$ cat input-v4.txt   # compact mmCIF, C-alpha atoms and all ligand atoms
# COMPACT_ATOMS: atom_id res chain seq x y z
CA MET E 27 6.76 -20.19 -22.41
CA ARG E 28 3.57 -21.77 -21.08
CA THR E 29 2.88 -22.50 -17.43
CA LEU E 30 0.02 -24.67 -16.24
CA ILE E 31 -0.99 -24.32 -12.60
CA GLN E 32 -3.05 -27.37 -11.68
CA HIS E 33 -5.57 -28.12 -8.94
CA ALA E 34 -5.39 -24.68 -7.27
CA ASP E 35 -8.31 -23.04 -5.51
CA LEU E 36 -8.55 -19.90 -7.64
CA VAL E 37 -9.92 -16.76 -6.01
CA LEU E 38 -11.95 -15.33 -8.90
CA PRO E 39 -14.21 -12.26 -8.87
CA SER E 40 -17.15 -14.69 -8.85
CA GLY E 41 -15.86 -16.75 -5.91
CA ILE E 42 -13.43 -19.56 -5.16
CA VAL E 43 -13.26 -22.45 -7.64
CA ARG E 44 -10.90 -25.39 -7.96
CA ALA E 45 -9.51 -25.23 -11.48
CA ASP E 46 -6.37 -25.17 -13.59
CA LEU E 47 -4.87 -21.99 -14.98
CA LEU E 48 -2.84 -21.60 -18.14
CA ILE E 49 -0.35 -18.75 -18.53
CA GLU E 50 1.39 -17.71 -21.74
CA SER E 51 3.55 -14.71 -22.62
CA GLY E 52 2.88 -13.03 -19.29
CA LYS E 53 -0.92 -13.26 -19.59
CA ILE E 54 -3.62 -15.53 -18.25
CA LEU E 55 -4.57 -17.58 -21.30
CA GLY E 56 -7.36 -19.61 -19.82
CA ILE E 57 -9.10 -20.89 -16.72
CA ASP E 58 -9.78 -24.60 -16.81
CA PRO E 59 -8.10 -25.09 -20.18
CA PRO E 60 -8.74 -28.32 -22.10
CA ARG E 61 -7.21 -31.43 -20.49
CA ASN E 62 -3.66 -32.17 -21.62
CA SER E 63 -2.93 -28.53 -22.54
CA ALA E 64 0.75 -28.48 -23.43
CA ALA E 65 2.95 -26.49 -21.04
CA ASP E 66 6.68 -26.01 -20.43
CA ASP E 67 6.15 -25.82 -16.68
CA VAL E 68 3.45 -27.70 -14.78
CA VAL E 69 2.85 -26.62 -11.18
CA ASP E 70 0.90 -28.88 -8.84
CA ALA E 71 -0.93 -26.48 -6.52
CA THR E 72 -3.01 -29.05 -4.69
CA GLY E 73 -4.12 -27.69 -1.33
CA LEU E 74 -3.09 -24.12 -2.18
CA HIS E 75 -5.02 -20.97 -3.13
CA LEU E 76 -4.10 -18.83 -6.13
CA LEU E 77 -4.73 -15.08 -5.79
CA PRO E 78 -4.07 -12.13 -8.07
CA GLY E 79 -0.79 -10.48 -7.06
CA VAL E 80 -1.17 -7.79 -4.43
CA ILE E 81 -1.07 -4.17 -5.63
CA ASP E 82 0.29 -2.04 -2.77
CA ASP E 83 -0.71 1.52 -3.56
CA GLN E 84 1.36 3.18 -0.86
CA VAL E 85 5.03 2.40 -0.28
CA HIS E 86 8.13 4.50 0.43
CA PHE E 87 11.20 2.89 -1.13
CA ARG E 88 13.56 5.84 -0.44
CA ASP E 89 15.24 5.74 -3.83
CA PRO E 90 16.86 8.06 -4.82
CA GLY E 91 18.57 9.73 -1.91
CA LEU E 92 17.66 7.84 1.26
CA THR E 93 18.93 4.47 0.16
CA HIS E 94 20.52 3.54 3.48
CA LYS E 95 16.89 2.80 4.58
CA GLU E 96 15.66 1.01 1.43
CA ASP E 97 16.09 1.15 -2.33
CA LEU E 98 14.02 0.12 -5.31
CA HIS E 99 15.77 -3.25 -5.46
CA THR E 100 15.51 -4.25 -1.79
CA GLY E 101 11.96 -2.90 -1.54
CA SER E 102 10.99 -4.95 -4.58
CA LEU E 103 12.60 -8.11 -3.13
CA ALA E 104 10.43 -7.63 -0.06
CA CYS E 105 7.41 -7.24 -2.35
CA ALA E 106 8.11 -10.49 -4.23
CA LYS E 107 8.41 -12.40 -0.95
CA GLY E 108 5.21 -10.83 0.34
CA GLY E 109 3.12 -11.61 -2.75
CA VAL E 110 3.11 -7.96 -3.87
CA THR E 111 3.50 -7.90 -7.65
CA THR E 112 2.96 -4.16 -8.18
CA PHE E 113 3.86 -1.22 -5.95
CA LEU E 114 2.98 2.45 -6.26
CA GLU E 115 5.66 4.56 -4.61
CA MET E 116 5.53 7.93 -2.92
CA PRO E 117 7.38 11.13 -3.88
CA ASN E 118 9.15 11.99 -0.59
CA THR E 119 12.55 10.83 -1.83
CA LYS E 120 15.66 12.99 -2.34
CA PRO E 121 15.19 14.71 -4.71
CA THR E 122 11.42 14.70 -4.35
CA THR E 123 9.37 13.40 -7.28
CA THR E 124 7.73 16.75 -7.96
CA SER E 125 8.53 17.27 -11.64
CA VAL E 126 7.93 15.26 -14.78
CA GLU E 127 11.69 14.95 -15.16
CA ALA E 128 12.12 13.46 -11.66
CA LEU E 129 9.20 11.10 -12.32
CA HIS E 130 10.80 9.82 -15.52
CA GLU E 131 14.16 9.44 -13.78
CA LYS E 132 12.53 7.30 -11.09
CA LEU E 133 10.83 5.16 -13.73
CA ALA E 134 14.19 4.66 -15.47
CA LEU E 135 15.84 3.74 -12.16
CA ALA E 136 13.11 1.23 -11.35
CA ALA E 137 13.53 -0.44 -14.75
CA THR E 138 17.09 -1.33 -13.75
CA LYS E 139 16.37 -2.28 -10.12
CA SER E 140 12.85 -3.55 -9.47
CA VAL E 141 11.97 -7.24 -9.42
CA VAL E 142 8.23 -6.48 -9.48
CA ASN E 143 6.03 -4.02 -11.38
CA TYR E 144 6.22 -0.37 -10.37
CA GLY E 145 4.54 3.00 -10.59
CA PHE E 146 5.25 6.39 -9.02
CA TYR E 147 3.10 9.25 -7.82
CA ILE E 148 4.02 12.82 -8.64
CA GLY E 149 4.17 14.95 -5.50
CA ALA E 150 2.43 18.30 -5.14
CA THR E 151 4.22 21.40 -3.87
CA GLU E 152 2.84 24.88 -3.23
CA SER E 153 3.83 25.89 -6.77
CA ASN E 154 4.17 22.97 -9.22
CA VAL E 155 0.70 22.80 -10.82
CA PRO E 156 2.18 22.98 -14.37
CA GLU E 157 4.20 19.82 -13.63
CA LEU E 158 1.17 18.08 -12.11
CA ALA E 159 -0.91 19.03 -15.14
CA ALA E 160 1.73 17.76 -17.60
CA ALA E 161 2.47 14.43 -15.89
CA LYS E 162 1.43 11.17 -17.53
CA ARG E 163 2.89 7.69 -16.70
CA THR E 164 1.69 8.04 -13.07
CA PRO E 165 -1.20 6.78 -10.94
CA GLY E 166 -1.80 10.32 -9.73
CA ILE E 167 -0.88 13.23 -7.50
CA LYS E 168 0.24 12.81 -3.89
CA ILE E 169 -0.38 15.74 -1.56
CA PHE E 170 1.03 15.93 1.94
CA ILE E 171 -1.72 18.00 3.61
CA GLY E 172 0.21 17.55 6.81
CA SER E 173 3.94 17.03 6.97
CA SER E 174 5.55 13.66 7.57
CA THR E 175 9.00 12.32 6.65
CA GLY E 176 10.69 14.84 4.32
CA ASP E 177 9.66 18.42 3.60
CA LEU E 178 6.76 17.95 1.19
CA LEU E 179 3.81 19.95 2.52
CA VAL E 180 0.96 21.84 0.89
CA ASP E 181 -0.95 23.64 3.60
CA SER E 182 -2.01 26.97 2.07
CA GLN E 183 -5.63 26.99 0.98
CA ALA E 184 -4.82 28.86 -2.23
CA ALA E 185 -2.29 26.22 -3.30
CA LEU E 186 -4.67 23.37 -2.49
CA GLU E 187 -7.48 25.08 -4.41
CA ARG E 188 -5.24 25.37 -7.47
CA ILE E 189 -4.27 21.70 -7.33
CA PHE E 190 -7.86 20.50 -7.12
CA ALA E 191 -9.11 23.05 -9.67
CA GLU E 192 -6.39 22.95 -12.31
CA THR E 193 -5.29 19.32 -12.50
CA THR E 194 -7.12 16.26 -13.74
CA LEU E 195 -5.06 13.30 -12.48
CA PRO E 196 -6.64 11.50 -9.54
CA ALA E 197 -5.20 12.75 -6.26
CA CYS E 198 -4.48 11.24 -2.88
CA ALA E 199 -3.32 12.79 0.36
CA HIS E 200 -1.75 12.33 3.72
CA CYS E 201 -4.32 14.10 5.90
CA GLU E 202 -3.18 15.44 9.28
CA ASP E 203 -3.88 19.08 10.08
CA GLU E 204 -0.78 21.19 10.76
CA ALA E 205 -2.59 23.83 12.86
CA THR E 206 -4.17 21.17 15.08
CA ILE E 207 -0.81 19.46 15.54
CA ALA E 208 0.81 22.81 16.43
CA ALA E 209 -1.91 23.56 19.01
CA ASN E 210 -1.53 20.07 20.48
CA LYS E 211 2.22 20.58 20.70
CA ALA E 212 1.81 23.84 22.61
CA ARG E 213 -0.61 22.15 25.01
CA LEU E 214 1.54 19.04 25.56
CA GLY E 215 4.71 21.00 26.35
CA THR E 216 7.86 18.88 26.41
CA LEU E 217 7.68 15.84 24.14
CA ASN E 218 9.72 12.98 25.57
CA ASP E 219 7.47 9.92 25.48
CA VAL E 220 6.31 8.18 22.29
CA ARG E 221 2.84 7.71 23.83
CA GLN E 222 2.45 11.46 23.29
CA HIS E 223 2.63 10.89 19.53
CA SER E 224 -1.03 9.85 19.46
CA GLN E 225 -1.96 12.99 21.43
CA LEU E 226 0.15 15.22 19.18
CA ARG E 227 -1.28 13.74 15.97
CA ASP E 228 -4.69 13.08 17.46
CA HIS E 229 -8.16 12.23 16.15
CA LYS E 230 -8.92 15.88 15.54
CA ALA E 231 -5.81 16.36 13.37
CA ALA E 232 -6.90 13.49 11.11
CA TYR E 233 -10.56 14.56 11.02
CA VAL E 234 -9.96 18.25 10.26
CA SER E 235 -7.54 17.53 7.43
CA THR E 236 -9.59 14.74 5.82
CA LYS E 237 -12.67 16.99 5.97
CA ARG E 238 -10.76 19.81 4.29
CA ALA E 239 -9.50 17.58 1.48
CA ILE E 240 -12.86 15.91 0.83
CA GLU E 241 -14.59 19.30 0.68
CA LEU E 242 -12.10 20.38 -1.98
CA ALA E 243 -12.62 17.16 -3.95
CA HIS E 244 -16.39 17.63 -3.85
CA ARG E 245 -16.19 21.32 -4.76
CA TYR E 246 -13.94 20.73 -7.76
CA ASN E 247 -15.41 17.37 -8.75
CA HIS E 248 -11.95 15.82 -8.43
CA ARG E 249 -11.25 12.12 -7.79
CA PHE E 250 -9.61 11.76 -4.41
CA HIS E 251 -8.23 8.83 -2.39
CA VAL E 252 -7.78 9.24 1.37
CA LEU E 253 -4.56 7.49 2.36
CA HIS E 254 -4.14 5.60 5.66
CA VAL E 255 -7.42 6.38 7.41
CA SER E 256 -6.75 5.98 11.13
CA THR E 257 -9.90 7.07 12.98
CA ALA E 258 -13.56 6.17 13.27
CA ASP E 259 -14.25 9.93 13.09
CA GLU E 260 -13.20 10.18 9.43
CA LEU E 261 -15.56 7.43 8.26
CA PRO E 262 -18.75 9.50 7.86
CA LEU E 263 -16.76 11.96 5.70
CA ILE E 264 -15.55 9.13 3.45
CA ARG E 265 -18.95 7.44 3.30
CA ASP E 266 -20.27 10.54 1.50
CA HIS E 267 -18.24 9.54 -1.57
CA ARG E 268 -20.38 11.06 -4.37
CA ASN E 269 -18.56 8.71 -6.76
CA LEU E 270 -15.33 10.64 -6.21
CA ILE E 271 -13.90 9.52 -2.88
CA THR E 272 -12.14 6.25 -2.07
CA ALA E 273 -10.06 5.37 0.96
CA GLU E 274 -7.30 3.14 2.27
CA ALA E 275 -6.53 1.46 5.58
CA CYS E 276 -3.15 0.06 6.62
CA PRO E 277 -2.40 -3.11 8.59
CA HIS E 278 -0.79 -1.13 11.44
CA HIS E 279 -3.94 0.97 11.93
CA LEU E 280 -6.04 -2.22 11.96
CA LEU E 281 -3.76 -4.24 14.23
CA PHE E 282 -1.99 -1.86 16.65
CA HIS E 283 -3.53 0.49 19.21
CA VAL E 284 -2.18 2.94 21.78
CA GLY E 285 -1.82 0.13 24.36
CA ASP E 286 0.92 -1.34 22.15
CA TYR E 287 3.33 1.57 22.78
CA ASP E 288 4.28 -0.10 26.11
CA ARG E 289 5.54 -3.14 24.21
CA LEU E 290 6.75 -1.65 20.93
CA GLY E 291 7.60 2.00 21.69
CA ASN E 292 9.03 4.00 18.79
CA LEU E 293 8.70 1.01 16.43
CA ILE E 294 5.02 1.87 16.00
CA GLN E 295 5.57 5.62 15.82
CA MET E 296 3.70 6.38 12.59
CA ASN E 297 2.00 9.26 10.84
CA PRO E 298 -0.97 9.23 11.09
CA SER E 299 -0.42 7.97 14.62
CA ILE E 300 -1.68 4.68 15.98
CA LYS E 301 -5.13 5.20 17.55
CA THR E 302 -7.41 3.19 19.88
CA ALA E 303 -8.78 -0.36 19.85
CA ALA E 304 -12.20 1.18 19.08
CA ASP E 305 -10.69 2.78 15.96
CA ASN E 306 -9.20 -0.59 14.94
CA ALA E 307 -12.66 -2.16 15.14
CA ALA E 308 -14.31 0.72 13.26
CA LEU E 309 -11.77 0.48 10.42
CA TRP E 310 -12.35 -3.28 10.06
CA GLN E 311 -16.08 -2.66 9.91
CA ALA E 312 -15.62 0.13 7.35
CA LEU E 313 -13.69 -2.29 5.12
CA ARG E 314 -16.41 -4.92 5.45
CA ASP E 315 -19.05 -2.26 4.68
CA GLY E 316 -17.20 -1.00 1.59
CA VAL E 317 -16.67 2.48 3.08
CA ILE E 318 -12.92 1.84 2.84
CA GLN E 319 -12.00 -0.04 -0.34
CA VAL E 320 -8.22 -0.54 -0.24
CA ILE E 321 -5.60 -2.04 2.06
CA ALA E 322 -2.04 -0.83 1.54
CA THR E 323 0.98 -0.78 3.81
CA ASP E 324 2.50 2.73 3.79
CA HIS E 325 5.74 0.70 4.02
CA ALA E 326 8.02 3.39 5.48
CA PRO E 327 11.37 1.93 6.51
CA HIS E 328 13.89 3.62 8.79
CA THR E 329 16.91 1.87 10.29
CA LEU E 330 16.64 0.44 13.79
CA GLU E 331 19.35 2.90 14.86
CA GLU E 332 17.21 5.80 13.64
CA LYS E 333 14.13 4.38 15.37
CA ALA E 334 16.12 3.94 18.61
CA GLN E 335 16.67 7.68 18.99
CA PRO E 336 14.66 9.17 21.84
CA TYR E 337 11.19 10.45 20.90
CA PRO E 338 10.56 12.85 19.16
CA GLN E 339 13.91 12.65 17.32
CA SER E 340 12.92 9.11 16.28
CA PRO E 341 11.43 9.10 12.75
CA SER E 342 7.87 8.00 12.00
CA GLY E 343 7.33 4.95 9.82
CA LEU E 344 7.51 1.17 9.80
CA PRO E 345 8.20 -1.49 7.14
CA ALA E 346 5.37 -3.89 6.23
CA VAL E 347 5.31 -4.80 2.56
CA GLU E 348 6.68 -8.33 2.94
CA ASN E 349 4.20 -9.30 5.66
CA SER E 350 0.99 -7.50 4.70
CA LEU E 351 -0.65 -10.41 2.89
CA ALA E 352 0.32 -12.86 5.65
CA LEU E 353 -1.04 -10.42 8.27
CA MET E 354 -4.34 -10.30 6.43
CA LEU E 355 -4.52 -14.08 5.94
CA ASP E 356 -3.85 -14.45 9.66
CA ALA E 357 -6.63 -11.94 10.40
CA MET E 358 -8.92 -14.03 8.17
CA HIS E 359 -8.30 -17.04 10.43
CA ARG E 360 -9.40 -14.88 13.38
CA GLY E 361 -12.67 -14.16 11.59
CA GLU E 362 -12.01 -10.53 10.63
CA CYS E 363 -12.61 -11.09 6.90
CA THR E 364 -12.86 -13.61 4.09
CA LEU E 365 -10.30 -14.53 1.47
CA GLU E 366 -12.49 -12.92 -1.20
CA GLN E 367 -12.49 -9.66 0.78
CA ILE E 368 -8.70 -9.72 1.06
CA VAL E 369 -8.46 -10.05 -2.73
CA SER E 370 -10.95 -7.26 -3.20
CA TRP E 371 -9.10 -4.89 -0.83
CA MET E 372 -5.50 -5.71 -1.80
CA CYS E 373 -5.76 -6.57 -5.51
CA ASP E 374 -8.96 -5.59 -7.30
CA ALA E 375 -9.77 -2.26 -5.62
CA PRO E 376 -6.32 -0.67 -5.98
CA ALA E 377 -6.34 -1.56 -9.70
CA ARG E 378 -9.73 0.12 -10.06
CA VAL E 379 -8.90 3.18 -7.96
CA TRP E 380 -5.76 3.91 -10.00
CA ASP E 381 -7.08 2.83 -13.43
CA ILE E 382 -4.69 -0.06 -13.93
CA ALA E 383 -5.97 -2.15 -16.81
CA ASN E 384 -5.60 -5.94 -16.75
CA LYS E 385 -4.39 -6.32 -13.16
CA GLY E 386 -5.97 -7.16 -9.83
CA ARG E 387 -8.04 -10.13 -10.99
CA ILE E 388 -7.63 -13.68 -12.15
CA ALA E 389 -9.40 -13.51 -15.51
CA GLU E 390 -8.62 -14.42 -19.09
CA GLY E 391 -6.42 -11.81 -20.76
CA TYR E 392 -5.31 -10.32 -17.45
CA ASP E 393 -1.61 -10.06 -16.58
CA ALA E 394 -0.22 -13.21 -14.97
CA ASP E 395 0.70 -11.40 -11.73
CA LEU E 396 -0.18 -14.12 -9.26
CA VAL E 397 0.51 -15.33 -5.75
CA LEU E 398 0.06 -18.85 -4.48
CA VAL E 399 -0.73 -18.98 -0.77
CA ASP E 400 -0.76 -21.78 1.78
CA LEU E 401 -3.56 -20.84 4.16
CA ASN E 402 -2.33 -23.33 6.77
CA LYS E 403 1.37 -22.49 6.77
CA LYS E 404 2.49 -21.18 10.16
CA GLN E 405 5.60 -19.06 10.30
CA THR E 406 7.01 -16.57 12.76
CA VAL E 407 8.06 -13.14 11.50
CA ARG E 408 11.75 -12.66 12.33
CA ASN E 409 13.82 -9.50 11.89
CA ALA E 410 16.71 -11.63 10.59
CA ASP E 411 14.54 -12.98 7.75
CA GLN E 412 13.35 -9.61 6.48
CA LEU E 413 14.42 -8.58 2.97
CA THR E 414 13.68 -4.90 3.49
CA LYS E 415 17.01 -3.12 3.85
CA SER E 416 15.89 -1.87 7.27
CA ARG E 417 15.87 -5.52 8.43
CA TRP E 418 13.17 -5.30 11.05
CA SER E 419 9.45 -5.65 11.47
CA PRO E 420 7.15 -4.48 14.25
CA TRP E 421 5.70 -8.01 14.04
CA ASP E 422 9.05 -9.66 14.92
CA GLY E 423 8.33 -12.78 17.00
CA VAL E 424 4.67 -13.01 15.94
CA GLU E 425 3.51 -16.30 14.43
CA LEU E 426 1.15 -15.83 11.48
CA THR E 427 -0.99 -18.48 9.80
CA GLY E 428 -1.27 -18.19 6.01
CA TRP E 429 1.73 -17.26 3.83
CA PRO E 430 2.62 -16.68 0.20
CA VAL E 431 4.66 -19.60 -1.13
CA ARG E 432 5.18 -18.59 -4.76
CA THR E 433 4.85 -15.31 -6.68
CA TRP E 434 4.67 -14.74 -10.45
CA VAL E 435 5.23 -11.36 -12.11
CA MET E 436 3.90 -11.30 -15.68
CA GLY E 437 4.13 -15.08 -15.85
CA LYS E 438 7.67 -15.37 -14.41
CA THR E 439 8.32 -16.93 -11.01
CA VAL E 440 10.04 -14.33 -8.84
CA TYR E 441 9.64 -16.01 -5.43
CA GLN E 442 9.58 -19.67 -4.50
CA ASP E 443 10.81 -21.85 -1.62
CA GLY E 444 11.93 -18.82 0.38
CA ARG E 445 14.08 -17.41 -2.44
CA VAL E 446 13.57 -14.36 -4.65
CA ASP E 447 14.87 -14.24 -8.22
CA ALA E 448 16.80 -11.01 -7.72
CA ALA E 449 17.77 -10.87 -11.40
CA HIS E 450 14.18 -10.55 -12.65
CA ARG E 451 12.95 -7.12 -13.68
CA GLY E 452 9.35 -6.00 -13.44
CA HIS E 453 7.46 -3.70 -15.79
CA GLU E 454 6.25 -0.14 -15.68
CA THR E 455 2.59 -0.13 -14.67
CA LEU E 456 0.30 1.52 -17.21
CA PHE E 457 -2.50 3.81 -16.07
CA ASP E 458 -5.49 4.56 -18.25
CA HIS E 459 -7.24 7.41 -16.50
CA SER E 460 -10.03 7.42 -19.05
CA ARG E 461 -11.32 4.40 -17.11
CA GLY E 462 -12.69 6.83 -14.54
CA GLY E 463 -11.68 5.15 -11.30
CA PHE E 464 -13.29 2.92 -8.71
CA TRP E 465 -16.86 4.18 -8.94
CA SER E 466 -17.20 4.24 -12.71
O1 LIG D 501 4.95 7.66 9.43
C1 LIG D 501 5.07 7.89 8.22
N1 LIG D 501 6.26 7.88 7.63
N2 LIG D 501 3.97 8.19 7.50
C2 LIG D 501 4.03 8.51 6.21
O2 LIG D 501 3.01 8.68 5.59
C3 LIG D 501 5.36 8.69 5.54
C4 LIG D 501 6.37 8.06 6.25
C5 LIG D 501 7.77 8.07 5.76
O3 LIG D 501 7.99 8.36 4.58
O4 LIG D 501 8.65 7.78 6.56
$ encode --input "input-v4.txt" --output "structure tokens"
Amino acid sequence: MRTLIQHADLVLPSGIVRADLLIESGKILGIDPPRNSAADDVVDATGLHLLPGVIDDQVHFRDPGLTHKEDLHTGSLACAKGGVTTFLEMPNTKPTTTSVEALHEKLALAATKSVVNYGFYIGATESNVPELAAAKRTPGIKIFIGSSTGDLLVDSQAALERIFAETTLPACAHCEDEATIAANKARLGTLNDVRQHSQLRDHKAAYVSTKRAIELAHRYNHRFHVLHVSTADELPLIRDHRNLITAEACPHHLLFHVGDYDRLGNLIQMNPSIKTAADNAALWQALRDGVIQVIATDHAPHTLEEKAQPYPQSPSGLPAVENSLALMLDAMHRGECTLEQIVSWMCDAPARVWDIANKGRIAEGYDADLVLVDLNKKQTVRNADQLTKSRWSPWDGVELTGWPVRTWVMGKTVYQDGRVDAAHRGHETLFDHSRGGFWS
């Protein structure tokens, strides 16, 4: 099966060029192939831009165990619609993904359910270093240095030291300091207003925990990715990367600030919490400066009924995977970034951070994971249109300019004209950690 995509503006590592692209057997065969190249399917992409498929390196798809919120099928449908061709999923499911056996079970489940490509982190506990050391088939180790949804938490210094000292897989962490949060809680007294969430999980909680994790990474010479950076305060810590540290920002920490609680309430209750407009601006600048390399969603669905409980019973987390690319394209129109930067942050950098060969770029021999976008398409996000099982978005009612119109996974169309091919199955993502990560 050969597909020829004609007249697209291709976003290549070297810049944007108008050219044709030939796909065969799931791979990019050639850019600007000879005229009259034979193909089974010819796509006229005049006026559209072709990007590598998005690699979202932080999603929570709740499968197994919490599948009333999301599952690997519905999460992957949302990915296909959003232009996300590969997701890396977090271990706070039920059971948790904290053993090699649980990791392999999740991979087997995804093979039967996921429309797009998949990978799964192995979660750290206070006592599972042998499992972390034995795991293969994974992007790396996820550590909750700060509790969030679920009961995964590694807070003791001795356990953290062991993880950084005795494992070799790249690690990433949720960084919010438990002791700081506890002290804030004592000071705040009764919690009954979601605005308090940003005082409970404040700037200090993020700073102290990120500092602790980066010190461990430096001390043990261990590759480490800071998930969902939310404050300007953490940026100097991350800037001192010593070829080991990379970092991620999420759309909600770029686009929402504490003033939005009045409008959106518990819907934007997240861990790490939403911070200030000054933090939004600092995170954008850090992306443009290369201090933060990756954009991912932390897609963390809960049902609207769960979110409607009074704070603090309401759970933290929001869904975003099907709108993240459109949110970024819309931000591009406002002058926050360029299309090439979006591709760098959402496609190329995550592939490099997690050692994924042959993804994240449009180049000969690379996997044909692709997304065609219409930069001028205007569409309003509507809860009723969402494919995530949670069926809502904090951006409900917001018109965005720039949308994915067609998505290919390994050369197969999985999304087109508003419809996902729910029968398609993606592939297990392969990680080659000998590549050495983003800085190598
Ligand atoms: O608010 C959050 N919710 N932050 C996370 O990092 C995890 C998450 C979840 O799993 O619900």
$ closest_atom_pairs --input "input-v4.txt" --of "chain E" --to "ligand LIG 501 (chain D)" --cutoff "6 Å" --atoms "all atoms listed in the file" --output "Markdown table"
| residue | atom | partner | partner_atom | distance |
| --- | --- | --- | --- | --- |
| E:His86 | CA | D:LIG501 | O3 | 5.7 |
| E:Ser174 | CA | D:LIG501 | C3 | 5.4 |
| E:Thr175 | CA | D:LIG501 | C5 | 4.5 |
| E:Met296 | CA | D:LIG501 | O1 | 3.6 |
| E:Asn297 | CA | D:LIG501 | O1 | 3.6 |
| E:Ala326 | CA | D:LIG501 | O4 | 4.6 |
| E:Ser342 | CA | D:LIG501 | O1 | 3.9 |
| E:Gly343 | CA | D:LIG501 | O1 | 3.6 |
$ write_last_selection --input "input-v4.txt" --atoms "C-alpha atoms" --output "JSON list (two decimals), in the frame of the given file"
[["chain", "number", "residue", "atom", "x", "y", "z"],
["E", 86, "HIS", "CA", 8.13, 4.50, 0.43],
["E", 174, "SER", "CA", 5.55, 13.66, 7.57],
["E", 175, "THR", "CA", 9.00, 12.32, 6.65],
["E", 296, "MET", "CA", 3.70, 6.38, 12.59],
["E", 297, "ASN", "CA", 2.00, 9.26, 10.84],
["E", 326, "ALA", "CA", 8.02, 3.39, 5.48],
["E", 342, "SER", "CA", 7.87, 8.00, 12.00],
["E", 343, "GLY", "CA", 7.33, 4.95, 9.82]]
$ closest_residue --input "input-v4.txt" --among "E:His75, E:Lys438, E:Arg417, E:Arg451" --to "Thr329 (chain E)" --atoms "all atoms listed in the file"
E:Arg417
$ closest_residue --input "input-v4.txt" --among "E:Ala64, E:Leu293, E:Leu36, E:Ala377" --to "Asp422 (chain E)" --atoms "all atoms listed in the file"
E:Leu293
$ residues_near_point --input "input-v4.txt" --point "(-15.6, 0.6, 12.9)" --cutoff "12 Å" --atoms "only C-alpha atoms" --output "ChimeraX atom specification"
/E:255-262,275,279-280,302-318,362
$ atom_distance --input "input-v4.txt" --atom1 "CA of Leu74 (chain E)" --atom2 "CA of Gly361 (chain E)"
19.5 Å
$ residues_near_point --input "input-v4.txt" --point "(-10.3, -0.6, -16.8)" --cutoff "12 Å" --atoms "all atoms listed in the file" --output "list of chain:residue names"
E:Asp374, E:Ala375, E:Pro376, E:Ala377, E:Arg378, E:Val379, E:Trp380, E:Asp381, E:Ile382, E:Ala383, E:Asn384, E:Lys385, E:Gly386, E:Arg387, E:Tyr392, E:Leu456, E:Phe457, E:Asp458, E:His459, E:Ser460, E:Arg461, E:Gly462, E:Gly463, E:Phe464, E:Trp465, E:Ser466
$ residues_around --input "input-v4.txt" --residues "region 442-445 of chain E" --least-positions-apart "3" --cutoff "9 Å" --atoms "all atoms listed in the file" --output "PyMOL selection string"
chain E and resi 107+430-433+439+448
